[in-house]
Amino acid sequence: MSDAERGAIAQFREEIDPIVFAFGALLTVGVIAAFFISPKTVEEGIGSLNDSMLGAFNWALLVIVFLIVVFLLFLIVGPWGRIKLGDEDPEYSFLSFFAMLYSAGFAAGVVFWGPTEGLFYYDSPSPLFNVEGGTAEAIPIAIQQTLFHWALPQLAVFTIMGIAIGYFAYNYDSVPLRVSSALTPILGKENLDGPAAKVIDILAVFATIGGVATSLGFIGSQFVTGLDYQWGISMGNIGILAVVTMMTLLFTISMVLGVDKGIRRLSNFNMVLFVVLMLATFIVGPTLFLVLLGSQALGGMITDFVSMSLFTGAGPMGNGDPAATEWMNTWTVFYWAWALSWSPFAGLFIARISKGRTVREVAFTGIVATSAATIPWFTFVGGTAVWAQHNGVADFGAVISGDAGAEISGFILFEALQLTIDLTAVGLGRYAIPVGGVLIYLFLILVTTFFVTSADSSTLAVSMMTTGGKARPSTINRVFWGVVLGMTAAILMILGGSGSANTLQQAAIITGTPFAFVCFAAMLSLIKDFGSNYGRVLLQDETVLIGSSKPSETDSPPTGPGGPVESDDD
């Protein structure tokens, strides 16, 4: 063994947090092994626990996520927004910062669900709106619901964790860059190496591996399905392993290169390709209709934001119908819980790249700038898919009914699109150019690159979690977690046909639900610290919450006979 190899291994041993690393690795590998030993037993157990947690805490997830959105909006416009994370200048330009935050946060899910989600709401709208599915009235409601799910709320849980971790790590001495640091005022600075902090960090590792690998499994399946759908290249288990191995190699190389050389450059490329594909769909698709649809859907989301955020299917709005609550659990609560399972990794990565920025900048980028990119994507791509289904331009019936996977929607959509050039004014007629083939190639490239950026940033975050908050973990540590994440994604794709992928997705939801309370506690930690150090914005510093701050009449000194005598010297 060379001196360099011995040095790398020694660095790996010195940097890891043995408790978090061991428990995180054993927990993750244990779940994978359990699927191979008895997938049916694990599937049933996790499914039962998932149903119990959704039944008990669905309302809590809705309320907590709504409060976090409100708090972040206040940080953008309020006086606390000027607080800076650390005392240095930002490490990256704003555009690179935005691209990394967007690519790492949830862009892989945006690409996957962009052509698909609106179709399900078109077929089965939210009971909140009392609109019949499959009608023209359901089209704007479908896009409005999609924008609601993929704009502010999901992004908010990532952003609040990023601000909390970054603030306490960069503004306090000896506070490490790790998930449990978000609760510094609650846990106490002296207890950040205590049992409670360790439990939070271990759950963060498991939640990240489960949530991210599930997402990457879907994205990988989208790539494999595209090869089969478009070119008839059928992938068996060996082929799936080969594809995921290739993608794992790509994101591991990107991760080892580091944030500046790897993740930043690839994220910038992603955003350029993302915008190109989005604008191409807008131009080739029903352009004027999409403008009208987007305006109405965005206006509806803003108008109905509070009722959509807190809709539980109970009372008059749900007509007392259990099916309404089931719809809410299936979609909104599922998305919030899944996003919360990503919040430890996304928050830690956001904190890693946010040093030197103000709270206002991070909050604005996290929920406003990213929403400004997400809203046009779902309007143009999702709106075109719904329009194509409604007008018979493309047939997504098999996807809507569940006979085909959601991953083929993008290929059905882009294959149906044509660029029509009308030259009848000059006597040359109308020409239809089939641009769908080109768009499918771009779509496959985008799927791959977003897979890589989501995987490399999440693997970096897990490596940081298992080293006690080291910003630049060793290569061995990063490669280890890269392999674990790639293996988990491959297993999900292979087991997907038996329903086990859905089971591990439920496991990610189970792990994500407790992070609703961690995110809420992180928000309270920020409020407590900001109020103490930068001035309260609601109550005065000496506010008396119970009783009166003024002396009562009986406590007043008596006047007149027997009372104190006023003196002219006073």
# chains A, B, ... in the order shown; residues from 1 in each chain; ligands from 1
>>> residues_around(residues="Ile19 (chain A)", least_positions_apart="3", cutoff="9 Å", atoms="only C-alpha atoms", output="list in words")
Ile16, Ala22, Phe23, Gly24, Lys198, Ile202 and Thr466 of chain A
>>> write_last_selection(atoms="C-alpha atoms", output="PDB file, in the first residue's frame")
ATOM      1  CA  ILE A  16     -15.866   9.969  10.332  1.00  0.00           C
ATOM      2  CA  ALA A  22     -22.069   2.998  11.563  1.00  0.00           C
ATOM      3  CA  PHE A  23     -25.755   3.317  12.422  1.00  0.00           C
ATOM      4  CA  GLY A  24     -26.566   5.132   9.158  1.00  0.00           C
ATOM      5  CA  LYS A 198     -26.907  11.777  17.179  1.00  0.00           C
ATOM      6  CA  ILE A 202     -28.663   9.127  11.995  1.00  0.00           C
ATOM      7  CA  THR A 466     -21.175  11.108   8.679  1.00  0.00           C
TER       8      THR A 466
END
>>> residues_around(residues="Leu27 (chain A)", least_positions_apart="6", cutoff="10 Å", atoms="only C-alpha atoms", output="number ranges by chain")
A: 21, 33, 202-203, 205-206
>>> write_last_selection(atoms="C-alpha atoms", output="PDB file, in the first residue's frame")
ATOM      1  CA  PHE A  21     -21.580   6.471  10.096  1.00  0.00           C
ATOM      2  CA  ALA A  33     -30.945  -6.884   2.931  1.00  0.00           C
ATOM      3  CA  ILE A 202     -28.663   9.127  11.995  1.00  0.00           C
ATOM      4  CA  LEU A 203     -32.269   9.589  10.877  1.00  0.00           C
ATOM      5  CA  VAL A 205     -28.664   9.769   6.831  1.00  0.00           C
ATOM      6  CA  PHE A 206     -31.388   7.127   6.515  1.00  0.00           C
TER       7      PHE A 206
END
>>> closest_atom_pairs(of="region 66-97 of chain A", to="region 160-165 of chain A", cutoff="10 Å", atoms="only C-alpha atoms", output="CSV")
residue,atom,partner,partner_atom,distance
A:Ile68,CA,A:Ile160,CA,7.2
A:Val69,CA,A:Ile160,CA,8.9
A:Phe71,CA,A:Ile160,CA,9.0
A:Leu72,CA,A:Ile160,CA,7.4
A:Leu85,CA,A:Ile163,CA,8.1
>>> residues_around(residues="Gly486 (chain A)", least_positions_apart="3", cutoff="7 Å", atoms="only C-alpha atoms", output="list in words")
Val244, Thr248, Gly482, Val483, Ala489 and Ala490 of chain A
>>> residues_around(residues="Arg536 (chain A)", least_positions_apart="5", cutoff="10 Å", atoms="only C-alpha atoms", output="PyMOL selection string")
chain A and resi 79-80+527-531+541
